[in-house]
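Enquirer: Structure incoming, see below.
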Amino acid sequence: MRLKFRPVDGSFYDLFSEAASHLVVGAGLLAEMLSNGNDREAVAQRMRDAEHKADETTHAIIRAANSTFVTPFDREDIYALASALDDVMDMMDEAVDLVLLYDVTTLPAETSEQVEVLQRCAELTAGAMPGLRTMASLDEYWIEINRLENTGDRSYRRILAGLFNGDHEALEVIKLKDVVESLEGAIDAFERVANILEQIAVKES
């Protein structure tokens with residue numbers, strides 16, 4: 001049985017939990033941005049602030065990995081997990097920014113399902129991060145994330161089919177496609193987070 005060393009202060013676990021908590025905030029702001037009757041400029045600014053805080057946490061994780069002799073799990077996995085979490089936030093921020101820049105007023109109805117998937121993925125990820133300490137019960141997390149990713153894929157395909165059915169002007173199609181692709185990218189990034197956690201758990205078992 002190989003010996004496993006863990007940093008006494010547990011800072012990596014706290015930082016990953018912090019990174020996941022930013023995603024819950026980001027998903028909430030995304031839902032707010034795509035609902036009616038909100039000040040989109042204000043929501044977009046709050047999203048930029050949230051994305052900046054997420055970046056700071058990512059940098060803190062990288063600094064800790066670079067300055068800690070013994071890490072809780074493989075350094076490469078720490079970098080990969082931090083990057084994947086950051087990618088989720090970046091894609092959600094991109095979607096919010098595009099809605100504002102393109103002045104999108106109406107989105108396909110199925111977009112709400114994509115946002116619901118993102119909010120659920122964010123909640124599950126925030127709930128799973130404390131499990132990194134013991135690697136316990138994480139299998140339920142990545143199974144559910146993969147199921148949600150499949151749900152998001154189906155919504156994405158339905159949205160694309162609707163955009164190209166001839167009822168939309170070409171410029172509108174381009175704008176809406178960019179937004180829904182950002183949402184799809186965020187969902188895919190959540191799946192990468194789950195896959196990385198699964199790889200870490202397998203190595204540590």
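Just remember, in the structure tokens the first chain shown is A, the second B, etc., residues are 1-based per chain, and ligands are 1-based in the order shown.
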Enumerate, as a PyMOL selection string, the complete set of residues in region 37-205 of chain A that a backbone-based DSSP assignment places in alpha helix (DSSP H).
Expert: chain A and resi 40-67+75-101+111-128+138-163+170-204
Enquirer: Compile the contact shell of region 95-101 of chain A as a PyMOL selection string: residues with an atom at most 7 Å away, counting only C-alpha atoms, same-chain residues fewer than 4 positions apart removed.
Expert: chain A and resi 30+33+40+44+91+179+182-183
Enquirer: Do you know which residues are at most 8 Å from Ala194 (chain A) counting only C-alpha atoms, after dropping those on the same chain fewer than 5 positions away, and could you put them as JSON, numbers by chain?
Expert: {"A": [141, 142, 145, 146]}
Enquirer: Store the residues of this selection in a file with all heavy atoms, as a short mmCIF file (atom, residue, chain, number, x, y, z; two decimals), in the first residue's frame.
Expert:
```
data_model
loop_
_atom_site.label_atom_id
_atom_site.label_comp_id
_atom_site.auth_asym_id
_atom_site.auth_seq_id
_atom_site.Cartn_x
_atom_site.Cartn_y
_atom_site.Cartn_z
N TYR A 141 -21.43 12.01 -8.46
CA TYR A 141 -21.28 13.34 -9.08
C TYR A 141 -21.02 13.23 -10.56
O TYR A 141 -21.73 13.84 -11.38
CB TYR A 141 -20.16 14.12 -8.38
CG TYR A 141 -19.69 15.31 -9.17
CD1 TYR A 141 -20.49 16.45 -9.27
CD2 TYR A 141 -18.47 15.31 -9.83
CE1 TYR A 141 -20.08 17.55 -10.01
CE2 TYR A 141 -18.05 16.40 -10.57
CZ TYR A 141 -18.85 17.52 -10.66
OH TYR A 141 -18.45 18.60 -11.40
N TRP A 142 -19.99 12.50 -10.94
CA TRP A 142 -19.66 12.49 -12.38
C TRP A 142 -20.69 11.73 -13.21
O TRP A 142 -20.88 12.06 -14.39
CB TRP A 142 -18.24 11.99 -12.65
CG TRP A 142 -17.88 10.61 -12.19
CD1 TRP A 142 -18.34 9.42 -12.66
CD2 TRP A 142 -16.93 10.28 -11.17
NE1 TRP A 142 -17.76 8.38 -12.00
CE2 TRP A 142 -16.87 8.86 -11.09
CE3 TRP A 142 -16.09 11.02 -10.34
CZ2 TRP A 142 -16.04 8.19 -10.20
CZ3 TRP A 142 -15.27 10.35 -9.45
CH2 TRP A 142 -15.25 8.96 -9.38
N ILE A 145 -23.37 14.46 -13.72
CA ILE A 145 -22.89 15.50 -14.63
C ILE A 145 -22.93 14.99 -16.07
O ILE A 145 -23.34 15.72 -16.99
CB ILE A 145 -21.47 15.96 -14.26
CG1 ILE A 145 -21.47 16.72 -12.94
CG2 ILE A 145 -20.87 16.83 -15.38
CD1 ILE A 145 -22.18 18.06 -12.97
N ASN A 146 -22.52 13.76 -16.29
CA ASN A 146 -22.56 13.20 -17.64
C ASN A 146 -24.00 13.10 -18.15
O ASN A 146 -24.27 13.35 -19.32
CB ASN A 146 -21.90 11.82 -17.66
CG ASN A 146 -20.38 11.90 -17.57
OD1 ASN A 146 -19.79 12.88 -18.01
ND2 ASN A 146 -19.76 10.88 -16.99
#
```
Enquirer: Just want the 12 Å neighbourhood of Glu113 (chain A), counted on only C-alpha atoms, with same-chain residues fewer than 2 positions away dropped. Output as a compact mmCIF listing (two decimals) with C-alpha atoms, in the first residue's frame.
Expert:
```txt
# COMPACT_ATOMS: atom_id res chain seq x y z
CA ALA A 31 -30.03 32.94 -15.63
CA LEU A 34 -31.47 35.67 -19.93
CA LEU A 107 -33.75 33.54 -27.26
CA PRO A 108 -35.04 30.10 -28.29
CA ALA A 109 -37.26 28.56 -25.62
CA GLU A 110 -34.89 25.59 -25.24
CA THR A 111 -32.18 27.97 -24.02
CA VAL A 115 -29.35 27.39 -18.32
CA GLU A 116 -31.12 25.01 -15.94
CA VAL A 117 -28.52 22.36 -16.77
CA LEU A 118 -25.73 24.84 -16.03
CA GLN A 119 -27.25 25.86 -12.72
CA ARG A 120 -27.66 22.25 -11.67
CA LEU A 148 -26.88 16.46 -17.54
CA GLU A 149 -24.34 16.98 -20.32
CA ASN A 150 -26.36 14.61 -22.51
CA THR A 151 -29.49 16.62 -21.69
CA GLY A 152 -27.65 19.80 -22.67
CA ASP A 153 -26.54 18.23 -25.95
CA ARG A 154 -30.11 17.36 -26.87
CA SER A 155 -31.25 20.91 -26.12
CA TYR A 156 -28.39 22.29 -28.18
CA ARG A 158 -32.96 21.19 -30.95
CA ILE A 159 -31.96 24.85 -30.78
CA VAL A 180 -26.05 28.99 -27.51
CA LEU A 183 -23.78 27.87 -23.25
CA GLU A 184 -22.95 24.48 -24.78
CA ILE A 187 -21.83 22.55 -20.19
```
Enquirer: Hey, can you check how far CA of Phe190 (chain A) sits from CA of Val25 (chain A)?
Expert: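 For CA of Phe190 (chain A) relative to CA of Val25 (chain A), the distance reads 14.8 Å.
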Enquirer: For each of A:Ala170, A:Ala189, A:Ala136, A:Ala60, take the minimum atom-to-atom distance to Phe16 (chain A), counting only C-alpha atoms, then give the residue where this is smallest.
Expert: A:Ala60
Enquirer: Compare A:Lys53, A:Arg46, A:Arg147, A:Lys177 by their minimum atom-to-atom distance to His22 (chain A), counting only C-alpha atoms, and give me the closest one.
Expert: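 Looking at the shortest contact to His22 (chain A), the residue is A:Lys53.
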Enquirer: Calculated over only C-alpha atoms, which of the candidates A:Glu198, A:Asp39, A:Asp14, A:Glu51 has the smallest distance to Asp87 (chain A)?
Expert: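 Looking at the shortest contact to Asp87 (chain A), the residue is A:Glu51.
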Enquirer: Measuring between only C-alpha atoms, which one of A:Ala161, A:Met135, A:Ser205, A:Ser11 shows the shortest distance to Thr71 (chain A)?
Expert: A:Ser11
Enquirer: Would you mind telling me which residue in A:Leu85, A:His59, A:Ala201, A:Leu23 lies nearest to Leu138 (chain A) when using only C-alpha atoms?
Expert: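 Closest to Leu138 (chain A) of all the choices is A:Ala201.
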Enquirer: Pick from A:Glu94, A:Glu56, A:Asp103, A:Asp77: nearest to Lys175 (chain A), with only C-alpha atoms counted?
Expert: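 Smallest separation from Lys175 (chain A) among the options: A:Asp103.
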